[in-house]
file final.txt (compact mmCIF, C-alpha atoms and all ligand atoms)
# COMPACT_ATOMS: atom_id res chain seq x y z
CA MET A 1 -54.00 98.88 -91.36
CA GLY A 2 -56.40 95.95 -91.44
CA ARG A 3 -55.56 93.29 -93.99
CA LEU A 4 -56.87 89.93 -92.93
CA THR A 5 -55.77 86.65 -94.48
CA LEU A 6 -57.49 83.34 -93.82
CA SER A 7 -55.64 80.28 -95.14
CA GLY A 8 -57.18 76.82 -94.99
CA ILE A 9 -59.36 77.74 -92.01
CA GLY A 10 -61.45 74.89 -90.60
CA LYS A 11 -63.59 74.47 -87.52
CA SER A 12 -64.90 71.43 -85.64
CA PHE A 13 -67.02 71.29 -82.50
CA ASP A 14 -66.34 68.07 -80.55
CA GLY A 15 -65.02 66.35 -83.64
CA VAL A 16 -67.94 67.49 -85.83
CA GLU A 17 -66.63 69.54 -88.73
CA ILE A 18 -68.72 72.62 -89.48
CA SER A 19 -66.43 74.50 -91.82
CA ARG A 20 -63.30 73.85 -93.81
CA ASP A 21 -60.95 75.07 -96.53
CA ILE A 22 -61.75 78.73 -96.02
CA ASP A 23 -59.23 80.73 -98.05
CA LEU A 24 -59.91 84.43 -98.15
CA THR A 25 -58.02 87.71 -98.13
CA ILE A 26 -59.84 90.81 -96.98
CA GLU A 27 -58.04 93.97 -98.02
CA ASP A 28 -57.46 96.97 -95.80
CA GLY A 29 -60.53 99.22 -95.93
CA GLU A 30 -62.74 96.65 -97.61
CA PHE A 31 -66.38 96.03 -96.63
CA VAL A 32 -67.03 92.30 -96.83
CA VAL A 33 -70.39 90.69 -96.09
CA PHE A 34 -70.79 87.01 -95.14
CA VAL A 35 -74.13 85.59 -96.22
CA GLY A 36 -75.57 82.12 -96.53
CA PRO A 37 -78.33 79.86 -95.28
CA SER A 38 -78.91 79.44 -91.57
CA GLY A 39 -76.29 77.17 -89.99
CA CYS A 40 -73.72 77.55 -92.81
CA GLY A 41 -71.11 78.82 -90.36
CA LYS A 42 -71.16 82.61 -90.84
CA SER A 43 -71.20 83.53 -87.15
CA THR A 44 -68.65 80.89 -86.25
CA LEU A 45 -66.24 82.27 -88.86
CA LEU A 46 -66.75 85.79 -87.54
CA ARG A 47 -66.20 84.60 -83.97
CA MET A 48 -62.96 82.89 -85.01
CA ILE A 49 -61.77 86.19 -86.50
CA ALA A 50 -62.72 87.93 -83.24
CA GLY A 51 -60.88 85.30 -81.21
CA LEU A 52 -64.04 84.13 -79.45
CA GLU A 53 -63.78 80.63 -80.96
CA ASP A 54 -60.65 78.51 -81.34
CA ILE A 55 -59.45 77.84 -84.85
CA THR A 56 -59.25 74.09 -85.44
CA GLU A 57 -57.25 74.24 -88.65
CA GLY A 58 -55.41 76.76 -90.78
CA ASP A 59 -53.76 80.09 -90.33
CA MET A 60 -55.20 83.53 -89.66
CA GLN A 61 -53.10 86.65 -90.16
CA LEU A 62 -53.77 90.30 -89.50
CA ASP A 63 -51.34 92.57 -91.36
CA GLY A 64 -48.91 89.71 -91.75
CA GLN A 65 -48.97 88.65 -88.10
CA ARG A 66 -50.40 85.24 -87.15
CA ILE A 67 -53.23 85.81 -84.69
CA ASN A 68 -54.60 82.27 -84.12
CA GLU A 69 -53.55 82.18 -80.48
CA ILE A 70 -53.87 85.88 -79.66
CA PRO A 71 -56.71 86.54 -77.16
CA PRO A 72 -59.64 88.71 -78.36
CA GLN A 73 -58.75 91.81 -76.33
CA GLU A 74 -55.24 91.84 -77.76
CA ARG A 75 -56.37 91.60 -81.39
CA ASP A 76 -56.81 94.92 -83.13
CA ILE A 77 -60.40 93.88 -83.88
CA GLY A 78 -63.73 95.16 -82.51
CA MET A 79 -67.06 93.37 -82.67
CA VAL A 80 -70.63 94.71 -82.66
CA PHE A 81 -73.16 92.10 -81.60
CA GLN A 82 -76.79 91.54 -82.50
CA SER A 83 -77.89 91.92 -78.89
CA TYR A 84 -76.30 95.14 -77.83
CA ALA A 85 -76.30 94.42 -74.06
CA LEU A 86 -75.56 97.90 -72.74
CA TYR A 87 -74.97 98.35 -69.02
CA PRO A 88 -78.35 99.71 -67.79
CA HIS A 89 -76.98 101.70 -64.85
CA MET A 90 -74.41 103.54 -66.96
CA SER A 91 -75.00 106.55 -69.17
CA VAL A 92 -74.33 106.42 -72.90
CA ALA A 93 -70.96 108.12 -72.36
CA GLU A 94 -70.02 105.66 -69.60
CA ASN A 95 -71.07 102.70 -71.70
CA MET A 96 -68.89 103.90 -74.53
CA ALA A 97 -65.94 104.66 -72.24
CA PHE A 98 -66.10 101.41 -70.28
CA GLY A 99 -63.76 99.29 -72.42
CA LEU A 100 -61.19 102.06 -72.57
CA LYS A 101 -61.29 102.52 -68.79
CA LEU A 102 -60.62 98.82 -68.32
CA ALA A 103 -57.66 99.16 -70.67
CA ARG A 104 -56.46 102.08 -68.45
CA THR A 105 -56.55 104.56 -71.29
CA ASP A 106 -55.74 108.13 -70.33
CA LYS A 107 -58.85 110.09 -69.19
CA ALA A 108 -58.46 112.95 -71.64
CA GLU A 109 -57.97 110.47 -74.46
CA ILE A 110 -61.15 108.61 -73.42
CA ARG A 111 -63.10 111.88 -73.48
CA ARG A 112 -61.73 112.77 -76.90
CA ARG A 113 -62.60 109.39 -78.39
CA VAL A 114 -66.09 109.26 -76.86
CA GLN A 115 -66.89 112.73 -78.16
CA HIS A 116 -65.55 111.93 -81.58
CA ALA A 117 -67.54 108.67 -81.81
CA ALA A 118 -70.66 110.41 -80.51
CA GLU A 119 -70.37 113.03 -83.24
CA MET A 120 -69.99 110.44 -85.95
CA LEU A 121 -72.98 108.47 -84.71
CA HIS A 122 -75.16 111.50 -83.89
CA LEU A 123 -75.20 110.64 -80.20
CA THR A 124 -73.80 113.89 -78.77
CA GLU A 125 -77.18 115.01 -77.40
CA LEU A 126 -77.76 111.63 -75.77
CA LEU A 127 -74.46 111.13 -73.93
CA GLU A 128 -75.94 111.58 -70.44
CA ARG A 129 -79.00 109.35 -71.01
CA LYS A 130 -79.40 105.83 -69.67
CA PRO A 131 -80.06 102.98 -72.15
CA LYS A 132 -83.70 102.61 -71.00
CA ASP A 133 -84.36 106.14 -72.27
CA LEU A 134 -83.16 105.34 -75.79
CA SER A 135 -84.90 103.88 -78.84
CA GLY A 136 -83.72 100.58 -80.35
CA GLY A 137 -81.85 102.37 -83.11
CA GLN A 138 -80.15 104.71 -80.65
CA ARG A 139 -79.07 101.76 -78.49
CA GLN A 140 -77.61 100.04 -81.51
CA ARG A 141 -75.68 103.21 -82.32
CA VAL A 142 -74.27 103.22 -78.77
CA ALA A 143 -73.21 99.60 -79.25
CA ILE A 144 -71.39 100.62 -82.44
CA GLY A 145 -69.92 103.60 -80.55
CA ARG A 146 -68.53 101.25 -77.91
CA THR A 147 -66.55 99.49 -80.63
CA LEU A 148 -65.69 102.69 -82.49
CA VAL A 149 -63.87 104.23 -79.49
CA LYS A 150 -61.42 101.32 -79.51
CA GLU A 151 -60.35 102.46 -83.00
CA PRO A 152 -59.77 98.88 -84.16
CA ALA A 153 -58.20 98.00 -87.50
CA VAL A 154 -61.07 95.61 -88.26
CA PHE A 155 -64.75 95.95 -87.34
CA LEU A 156 -66.93 92.85 -87.11
CA PHE A 157 -70.72 93.10 -87.19
CA ASP A 158 -72.86 90.07 -86.32
CA GLU A 159 -76.35 90.78 -87.65
CA PRO A 160 -76.35 94.16 -85.94
CA LEU A 161 -79.70 95.30 -87.31
CA SER A 162 -81.84 92.22 -86.92
CA ASN A 163 -83.57 93.50 -83.77
CA LEU A 164 -84.69 96.72 -85.44
CA ASP A 165 -87.88 97.41 -87.39
CA ALA A 166 -87.81 97.79 -91.17
CA ALA A 167 -87.59 101.59 -91.32
CA LEU A 168 -84.81 101.74 -88.73
CA ARG A 169 -82.87 99.06 -90.53
CA VAL A 170 -82.78 101.19 -93.65
CA ASP A 171 -81.72 104.20 -91.61
CA MET A 172 -78.95 102.30 -89.80
CA ARG A 173 -77.81 100.65 -93.01
CA VAL A 174 -77.19 104.06 -94.53
CA GLN A 175 -75.39 105.18 -91.36
CA ILE A 176 -73.13 102.14 -91.38
CA ALA A 177 -72.29 102.74 -95.05
CA ALA A 178 -71.50 106.39 -94.24
CA LEU A 179 -69.37 105.32 -91.27
CA HIS A 180 -67.39 102.98 -93.47
CA LYS A 181 -66.75 105.80 -95.96
CA ARG A 182 -65.54 108.13 -93.22
CA LEU A 183 -63.37 105.65 -91.34
CA ASN A 184 -62.14 103.68 -94.32
CA ALA A 185 -61.67 100.77 -91.91
CA THR A 186 -61.94 97.10 -92.76
CA MET A 187 -65.44 95.87 -91.98
CA ILE A 188 -66.83 92.34 -91.97
CA TYR A 189 -70.56 92.00 -91.62
CA VAL A 190 -72.79 88.94 -91.18
CA THR A 191 -76.40 89.15 -92.29
CA HIS A 192 -79.40 87.19 -93.53
CA ASP A 193 -80.68 90.26 -95.26
CA GLN A 194 -80.26 90.31 -99.04
CA VAL A 195 -80.57 94.05 -99.31
CA GLU A 196 -78.01 94.73 -96.58
CA ALA A 197 -75.59 92.37 -98.32
CA MET A 198 -76.12 93.85 -101.79
CA THR A 199 -75.98 97.48 -100.70
CA LEU A 200 -73.17 97.43 -98.11
CA ALA A 201 -70.68 94.99 -99.56
CA ASP A 202 -67.66 95.69 -101.68
CA ARG A 203 -67.53 91.91 -101.86
CA ILE A 204 -69.97 89.24 -100.74
CA VAL A 205 -68.71 85.91 -99.40
CA LEU A 206 -71.47 83.35 -99.84
CA LEU A 207 -71.03 80.42 -97.49
CA SER A 208 -72.72 77.08 -97.89
CA ARG A 209 -72.30 74.08 -95.59
CA GLY A 210 -69.19 75.58 -94.04
CA ARG A 211 -67.39 76.32 -97.30
CA ILE A 212 -67.11 79.31 -99.58
CA ALA A 213 -69.55 78.89 -102.46
CA GLN A 214 -68.59 82.13 -104.24
CA VAL A 215 -66.84 85.41 -103.52
CA GLY A 216 -67.37 88.53 -105.58
CA ALA A 217 -68.88 91.96 -106.02
CA PRO A 218 -72.65 91.92 -105.36
CA LEU A 219 -73.58 92.44 -109.02
CA SER A 220 -71.13 89.81 -110.14
CA LEU A 221 -72.85 87.23 -107.89
CA TYR A 222 -76.25 88.43 -109.07
CA HIS A 223 -75.53 88.27 -112.79
CA PHE A 224 -72.90 85.53 -112.85
CA PRO A 225 -73.65 82.98 -110.13
CA LYS A 226 -71.35 79.97 -110.39
CA THR A 227 -73.94 77.52 -109.08
CA LEU A 228 -77.70 77.15 -108.90
CA GLU A 229 -77.42 77.45 -105.12
CA VAL A 230 -75.79 80.89 -105.39
CA ALA A 231 -78.32 81.98 -108.04
CA GLU A 232 -81.17 80.97 -105.73
CA PHE A 233 -79.70 82.64 -102.69
CA ILE A 234 -78.85 86.03 -104.19
CA GLY A 235 -81.76 88.17 -105.37
CA SER A 236 -85.29 88.72 -104.23
CA PRO A 237 -87.71 87.44 -105.43
CA ARG A 238 -85.85 84.19 -105.94
CA ILE A 239 -84.68 83.41 -109.47
CA ASN A 240 -87.22 81.40 -111.53
CA THR A 241 -85.98 77.92 -112.45
CA PHE A 242 -87.40 75.03 -114.43
CA THR A 243 -86.16 71.98 -116.30
CA VAL A 244 -85.34 72.09 -119.99
CA THR A 245 -83.77 69.61 -122.44
CA VAL A 246 -80.45 70.32 -124.11
CA VAL A 247 -80.76 70.20 -127.91
CA ASP A 248 -77.49 71.64 -129.18
CA PRO A 249 -74.69 72.40 -126.70
CA GLY A 250 -72.00 74.85 -127.80
CA GLU A 251 -69.21 77.11 -126.64
CA ARG A 252 -70.84 80.47 -127.46
CA GLN A 253 -74.47 79.42 -127.17
CA THR A 254 -76.52 76.39 -126.20
CA VAL A 255 -79.94 75.54 -127.61
CA VAL A 256 -82.52 74.07 -125.22
CA ARG A 257 -86.15 72.95 -125.57
CA LEU A 258 -88.88 74.13 -123.17
CA HIS A 259 -92.06 72.34 -122.05
CA SER A 260 -93.99 74.35 -124.61
CA GLY A 261 -91.94 72.74 -127.40
CA ASP A 262 -90.27 76.07 -128.24
CA THR A 263 -86.50 76.20 -128.45
CA LEU A 264 -84.33 78.88 -126.90
CA THR A 265 -80.74 79.81 -127.71
CA VAL A 266 -79.09 80.57 -124.40
CA ALA A 267 -75.89 82.64 -124.46
CA VAL A 268 -73.82 80.27 -122.33
CA ASN A 269 -70.89 77.94 -122.78
CA GLY A 270 -72.54 74.54 -122.50
CA LYS A 271 -69.93 72.48 -124.30
CA HIS A 272 -69.66 69.98 -121.44
CA LEU A 273 -73.37 69.14 -121.84
CA GLN A 274 -74.74 66.39 -124.07
CA SER A 275 -77.65 66.65 -126.42
CA GLY A 276 -80.67 65.13 -124.59
CA ASP A 277 -79.42 66.06 -121.09
CA SER A 278 -81.78 67.75 -118.70
CA ALA A 279 -80.62 71.13 -117.46
CA THR A 280 -82.10 73.90 -115.34
CA LEU A 281 -82.97 77.19 -116.96
CA GLY A 282 -82.90 80.22 -114.67
CA LEU A 283 -84.31 83.65 -115.25
CA ARG A 284 -84.81 86.52 -112.90
CA ALA A 285 -88.19 88.13 -112.35
CA GLU A 286 -87.22 91.22 -114.37
CA ASP A 287 -85.83 89.23 -117.31
CA PHE A 288 -89.01 88.28 -119.17
CA VAL A 289 -89.54 90.05 -122.50
CA ALA A 290 -92.63 91.01 -124.48
CA ALA A 291 -94.10 87.99 -126.28
CA GLU A 292 -93.79 89.74 -129.66
CA GLN A 293 -90.02 90.12 -129.22
CA ALA A 294 -89.47 86.73 -127.62
CA GLU A 295 -87.61 83.73 -128.98
CA ALA A 296 -89.84 81.39 -127.01
CA THR A 297 -93.08 81.76 -125.06
CA LEU A 298 -94.92 79.96 -122.28
CA ASN A 299 -98.68 80.09 -121.83
CA ALA A 300 -99.43 81.29 -118.34
CA SER A 301 -102.38 82.28 -116.17
CA LEU A 302 -102.19 84.70 -113.28
CA MET A 303 -102.35 83.12 -109.81
CA VAL A 304 -101.58 86.06 -107.59
CA ALA A 305 -100.42 89.64 -108.14
CA GLU A 306 -98.58 91.28 -105.25
CA LYS A 307 -98.96 95.02 -105.65
CA LEU A 308 -96.13 96.78 -103.87
CA GLY A 309 -96.80 100.25 -105.26
CA TYR A 310 -93.51 100.85 -107.06
CA GLU A 311 -93.70 97.39 -108.60
CA THR A 312 -96.03 94.43 -108.94
CA LEU A 313 -94.88 90.84 -108.59
CA ALA A 314 -97.03 88.64 -110.81
CA HIS A 315 -97.00 84.91 -110.00
CA TRP A 316 -97.91 82.90 -113.10
CA GLN A 317 -99.05 79.30 -113.35
CA VAL A 318 -97.48 77.61 -116.37
CA VAL A 319 -98.44 74.19 -117.72
CA GLY A 320 -95.68 71.65 -117.07
CA ILE A 321 -93.95 73.77 -114.43
CA ASP A 322 -94.72 72.86 -110.80
CA VAL A 323 -93.96 76.17 -109.15
CA PRO A 324 -95.29 79.54 -110.26
CA LEU A 325 -92.98 81.79 -112.26
CA THR A 326 -92.61 85.27 -110.83
CA GLN A 327 -92.43 88.34 -113.03
CA ARG A 328 -91.49 91.82 -111.84
CA LEU A 329 -93.71 94.45 -113.47
CA ASP A 330 -94.17 98.16 -113.21
CA GLY A 331 -96.45 99.09 -110.31
CA LEU A 332 -98.99 100.61 -112.68
CA THR A 333 -99.49 97.44 -114.76
CA ARG A 334 -103.15 96.36 -114.79
CA LEU A 335 -103.66 92.67 -114.05
CA GLU A 336 -106.68 90.49 -113.35
CA GLU A 337 -106.72 87.19 -111.53
CA GLY A 338 -106.96 84.26 -113.95
CA GLN A 339 -105.74 86.45 -116.82
CA ASN A 340 -103.96 84.48 -119.55
CA VAL A 341 -100.76 85.69 -121.17
CA ARG A 342 -97.80 84.47 -123.17
CA LEU A 343 -94.63 84.97 -121.16
CA GLY A 344 -91.74 85.86 -123.42
CA LEU A 345 -88.21 84.51 -123.00
CA ALA A 346 -84.95 85.63 -124.62
CA GLY A 347 -81.84 83.46 -124.38
CA GLN A 348 -79.57 86.46 -123.75
CA HIS A 349 -81.23 86.99 -120.38
CA CYS A 350 -81.20 83.38 -119.19
CA HIS A 351 -78.89 81.28 -117.02
CA LEU A 352 -78.29 77.57 -117.55
CA PHE A 353 -77.21 75.04 -114.91
CA ASP A 354 -76.11 71.46 -115.50
CA GLN A 355 -77.40 68.43 -113.59
CA HIS A 356 -74.90 69.03 -110.78
CA GLY A 357 -76.12 72.59 -110.34
CA ASN A 358 -73.00 74.16 -111.89
CA ALA A 359 -73.59 77.21 -114.06
CA CYS A 360 -72.65 77.13 -117.73
CA PRO A 361 -70.53 80.32 -118.03
CA ARG A 362 -72.59 83.16 -119.52
CA GLN A 363 -71.26 84.68 -122.73
CA VAL A 364 -72.80 88.09 -122.19
CA GLU A 365 -71.94 91.35 -120.49
CA VAL A 366 -74.49 92.79 -118.06
CA ASP A 367 -74.23 96.32 -116.66
CA GLY A 368 -70.61 96.43 -117.80
CA VAL A 369 -69.89 93.29 -115.77
CA SER A 370 -68.86 90.04 -117.44
CA GLN A 371 -68.09 86.52 -116.29
N1 LIG B 1 -70.62 75.95 -79.56
C1 LIG B 1 -71.08 75.11 -80.48
N2 LIG B 1 -71.07 73.77 -80.29
C2 LIG B 1 -71.49 72.90 -81.24
N3 LIG B 1 -71.96 73.28 -82.45
C3 LIG B 1 -72.02 74.60 -82.70
C4 LIG B 1 -71.58 75.58 -81.76
N4 LIG B 1 -71.74 76.81 -82.32
C5 LIG B 1 -72.25 76.60 -83.54
N5 LIG B 1 -72.43 75.28 -83.78
C6 LIG B 1 -72.94 74.67 -85.03
O1 LIG B 1 -72.16 75.13 -86.10
C7 LIG B 1 -72.95 75.34 -87.27
C8 LIG B 1 -72.76 76.77 -87.77
O2 LIG B 1 -73.31 77.69 -86.84
P1 LIG B 1 -73.28 79.25 -87.07
O3 LIG B 1 -73.96 79.90 -85.92
O4 LIG B 1 -71.89 79.67 -87.37
O5 LIG B 1 -74.15 79.40 -88.39
P2 LIG B 1 -74.76 80.70 -89.05
O6 LIG B 1 -74.50 80.57 -90.50
O7 LIG B 1 -74.25 81.92 -88.37
O8 LIG B 1 -76.30 80.49 -88.75
P3 LIG B 1 -77.46 81.57 -88.51
O9 LIG B 1 -77.60 82.31 -89.78
O10 LIG B 1 -78.63 80.68 -88.21
O11 LIG B 1 -77.03 82.41 -87.36
C9 LIG B 1 -74.38 75.02 -86.86
O12 LIG B 1 -74.69 73.74 -87.28
C10 LIG B 1 -74.34 75.12 -85.35
O13 LIG B 1 -75.30 74.26 -84.78

call {"tool": "encode", "arguments": {"input": "final.txt", "output": "structure tokens"}}
result
Amino acid sequence: MGRLTLSGIGKSFDGVEISRDIDLTIEDGEFVVFVGPSGCGKSTLLRMIAGLEDITEGDMQLDGQRINEIPPQERDIGMVFQSYALYPHMSVAENMAFGLKLARTDKAEIRRRVQHAAEMLHLTELLERKPKDLSGGQRQRVAIGRTLVKEPAVFLFDEPLSNLDAALRVDMRVQIAALHKRLNATMIYVTHDQVEAMTLADRIVLLSRGRIAQVGAPLSLYHFPKTLEVAEFIGSPRINTFTVTVVDPGERQTVVRLHSGDTLTVAVNGKHLQSGDSATLGLRAEDFVAAEQAEATLNASLMVAEKLGYETLAHWQVVGIDVPLTQRLDGLTRLEEGQNVRLGLAGQHCHLFDQHGNACPRQVEVDGVSQ
């Protein structure tokens, strides 16, 4: 079992508070990813779960048992670090067995667990090698193996792939997802990487300034961010945003005016807004529509086109908007620098945020997901 409950968790270093009011239940077998800007407290929270940092406030329970004061080695929790620090003079097998030897586990049992972990991580052929004779990806797999042999109820990963190159990251990401499927263990994973978060997580916990900004399934955070901050953090390229004026706020839809003078009926509940308020309109790079089918258009000229092969990211300069708007286009789209277009907008596809950065709840369903 591995059900983890955090209630009112807070952390201060020398009287300086870095996180507070963390309430979160992670179910047995769940894959949860902590993301958030640098310094928001992701690693510290993970280290508190591991027992490597004291908990200043609140209660932490694993399967109903309070673990606040239980030392790391006695928690049924295993952690994989970013720097995998293998013992250079030991073979792969010895590295993996080391923790179990210290815990005086029976020799036959150690052998069984090392072999089993090696099979799962495709390390069987490498068991006699020394770390210096392994690639970065293989070393990281040994580091995971070292944790795997302990058979913990909860696995913690602190940016385990950040030292690997792009291709290896993809490879390891798939292996970690496969491992989770096979083990069905609870996993908590800290990353900066959008794609890792979106692809691995059952649920994402987005932290901001030491507090939980939003918790939910990846697509729920993507399509229904509760704040502008969450909308800007989830998704790559970053969501386009610009200021609009509220014309007619309503419960099912809210009409706003753009710089171009056009109005747009956004499918959000904006009843707490006032006519004349400024608000921030958000739309993702793939959410522009053809000008002919649009409710509103913006005149734009092409600044830069980033051709990625499978897609092209067009960065448009629009009068009255300081930053370029980014549009995701098919990789075969022909574009010329300086080209002028009318960018089409449809209110169904837009987000609206009030002056405090809170999202007006969307009144649409996207990909079968709703607010
Ligand atoms: N031992 C410590 N003493 C004092 N302050 C600390 C200590 N460890 C972390 N901090 C501070 O706590 C805050 C959160 O740090 P933490 O490493 O948890 O953030 P993070 O979200 O993991 O950041 P990153 O993504 O950059 O790794 C930071 O402001 C950091 O400077």

call {"tool": "residues_around", "arguments": {"input": "final.txt", "residues": "Phe13 of chain A", "least_positions_apart": "3", "cutoff": "12 Å", "atoms": "all atoms listed in the file", "output": "list in words"}}
result
Gly10, Val16, Glu17, Ile18, Ser19, Gly41, Thr44, Glu53, Asp54, Ile55, Thr56 and Glu57 of chain A

call {"tool": "atom_distance", "arguments": {"input": "final.txt", "atom1": "atom CA of Glu128 of chain A", "atom2": "atom CA of Phe81 of chain A"}}
result
22.6 Å

call {"tool": "residues_near_point", "arguments": {"input": "final.txt", "point": "(-62.1, 74.1, -97.0)", "cutoff": "8 Å", "atoms": "all atoms listed in the file", "output": "list in words"}}
result
Gly8, Ile9, Gly10, Ser19, Arg20, Asp21, Ile22, Asp23, Gly210, Arg211 and Ile212 of chain A

call {"tool": "write_last_selection", "arguments": {"input": "final.txt", "atoms": "C-alpha atoms", "output": "PDB file, in the frame of the given file"}}
result
ATOM      1  CA  GLY A   8     -57.180  76.820 -94.990  1.00  0.00           C
ATOM      2  CA  ILE A   9     -59.360  77.740 -92.010  1.00  0.00           C
ATOM      3  CA  GLY A  10     -61.450  74.890 -90.600  1.00  0.00           C
ATOM      4  CA  SER A  19     -66.430  74.500 -91.820  1.00  0.00           C
ATOM      5  CA  ARG A  20     -63.300  73.850 -93.810  1.00  0.00           C
ATOM      6  CA  ASP A  21     -60.950  75.070 -96.530  1.00  0.00           C
ATOM      7  CA  ILE A  22     -61.750  78.730 -96.020  1.00  0.00           C
ATOM      8  CA  ASP A  23     -59.230  80.730 -98.050  1.00  0.00           C
ATOM      9  CA  GLY A 210     -69.190  75.580 -94.040  1.00  0.00           C
ATOM     10  CA  ARG A 211     -67.390  76.320 -97.300  1.00  0.00           C
ATOM     11  CA  ILE A 212     -67.110  79.310 -99.580  1.00  0.00           C
TER      12      ILE A 212
END

call {"tool": "closest_atom_pairs", "arguments": {"input": "final.txt", "of": "chain A", "to": "ligand LIG 1 (chain B)", "cutoff": "10 Å", "atoms": "all atoms listed in the file", "output": "JSON lines"}}
result
{"residue": "A:Lys11", "atom": "CA", "partner": "B:LIG1", "partner_atom": "O1", "distance": 8.7}
{"residue": "A:Ser12", "atom": "CA", "partner": "B:LIG1", "partner_atom": "N3", "distance": 8.0}
{"residue": "A:Phe13", "atom": "CA", "partner": "B:LIG1", "partner_atom": "C2", "distance": 4.9}
{"residue": "A:Asp14", "atom": "CA", "partner": "B:LIG1", "partner_atom": "C2", "distance": 7.1}
{"residue": "A:Gly15", "atom": "CA", "partner": "B:LIG1", "partner_atom": "C2", "distance": 9.5}
{"residue": "A:Val16", "atom": "CA", "partner": "B:LIG1", "partner_atom": "N3", "distance": 7.8}
{"residue": "A:Glu17", "atom": "CA", "partner": "B:LIG1", "partner_atom": "O1", "distance": 8.3}
{"residue": "A:Ile18", "atom": "CA", "partner": "B:LIG1", "partner_atom": "O1", "distance": 5.4}
{"residue": "A:Ser19", "atom": "CA", "partner": "B:LIG1", "partner_atom": "C8", "distance": 7.9}
{"residue": "A:Phe34", "atom": "CA", "partner": "B:LIG1", "partner_atom": "O6", "distance": 8.8}
{"residue": "A:Val35", "atom": "CA", "partner": "B:LIG1", "partner_atom": "O6", "distance": 7.6}
{"residue": "A:Gly36", "atom": "CA", "partner": "B:LIG1", "partner_atom": "O6", "distance": 6.3}
{"residue": "A:Pro37", "atom": "CA", "partner": "B:LIG1", "partner_atom": "O9", "distance": 6.1}
{"residue": "A:Ser38", "atom": "CA", "partner": "B:LIG1", "partner_atom": "O10", "distance": 3.6}
{"residue": "A:Gly39", "atom": "CA", "partner": "B:LIG1", "partner_atom": "O5", "distance": 3.5}
{"residue": "A:Cys40", "atom": "CA", "partner": "B:LIG1", "partner_atom": "O6", "distance": 3.9}
{"residue": "A:Gly41", "atom": "CA", "partner": "B:LIG1", "partner_atom": "O4", "distance": 3.2}
{"residue": "A:Lys42", "atom": "CA", "partner": "B:LIG1", "partner_atom": "O6", "distance": 3.9}
{"residue": "A:Ser43", "atom": "CA", "partner": "B:LIG1", "partner_atom": "O7", "distance": 3.7}
{"residue": "A:Thr44", "atom": "CA", "partner": "B:LIG1", "partner_atom": "O4", "distance": 3.6}
{"residue": "A:Leu45", "atom": "CA", "partner": "B:LIG1", "partner_atom": "O4", "distance": 6.4}
{"residue": "A:Leu46", "atom": "CA", "partner": "B:LIG1", "partner_atom": "O4", "distance": 8.0}
{"residue": "A:Arg47", "atom": "CA", "partner": "B:LIG1", "partner_atom": "O4", "distance": 8.3}
{"residue": "A:Met48", "atom": "CA", "partner": "B:LIG1", "partner_atom": "O4", "distance": 9.8}
{"residue": "A:Glu53", "atom": "CA", "partner": "B:LIG1", "partner_atom": "N1", "distance": 8.4}
{"residue": "A:Asp158", "atom": "CA", "partner": "B:LIG1", "partner_atom": "O7", "distance": 8.5}
{"residue": "A:Glu159", "atom": "CA", "partner": "B:LIG1", "partner_atom": "O11", "distance": 8.4}
{"residue": "A:Val190", "atom": "CA", "partner": "B:LIG1", "partner_atom": "O7", "distance": 7.7}
{"residue": "A:Thr191", "atom": "CA", "partner": "B:LIG1", "partner_atom": "O9", "distance": 7.4}
{"residue": "A:His192", "atom": "CA", "partner": "B:LIG1", "partner_atom": "O9", "distance": 6.4}
{"residue": "A:Leu207", "atom": "CA", "partner": "B:LIG1", "partner_atom": "O6", "distance": 7.8}
{"residue": "A:Ser208", "atom": "CA", "partner": "B:LIG1", "partner_atom": "O6", "distance": 8.4}
{"residue": "A:Arg209", "atom": "CA", "partner": "B:LIG1", "partner_atom": "C8", "distance": 8.3}
{"residue": "A:Gly210", "atom": "CA", "partner": "B:LIG1", "partner_atom": "C8", "distance": 7.3}

call {"tool": "closest_residue", "arguments": {"input": "final.txt", "among": "A:Arg342, A:Arg203, A:Arg252, A:Lys307", "to": "Arg328 of chain A", "atoms": "only C-alpha atoms"}}
result
A:Lys307

call {"tool": "closest_residue", "arguments": {"input": "final.txt", "among": "A:His89, A:Arg113, A:His223, A:His180", "to": "Arg129 of chain A", "atoms": "only C-alpha atoms"}}
result
A:His89

call {"tool": "residues_around", "arguments": {"input": "final.txt", "residues": "segment 114-117 of chain A", "least_positions_apart": "6", "cutoff": "8 Å", "atoms": "all atoms listed in the file", "output": "ChimeraX atom specification"}}
result
/A:93,96-97,124,145,148-149

call {"tool": "closest_residue", "arguments": {"input": "final.txt", "among": "A:Phe98, A:Tyr222, A:Phe233, A:Phe353", "to": "Val266 of chain A", "atoms": "all atoms listed in the file"}}
result
A:Phe353

call {"tool": "residues_near_point", "arguments": {"input": "final.txt", "point": "(-96.4, 85.0, -112.0)", "cutoff": "9 Å", "atoms": "all atoms listed in the file", "output": "number ranges by chain"}}
result
A: 285, 300-305, 313-318, 324-328

call {"tool": "atom_distance", "arguments": {"input": "final.txt", "atom1": "atom CA of Val319 of chain A", "atom2": "atom CA of Thr245 of chain A"}}
result
16.1 Å
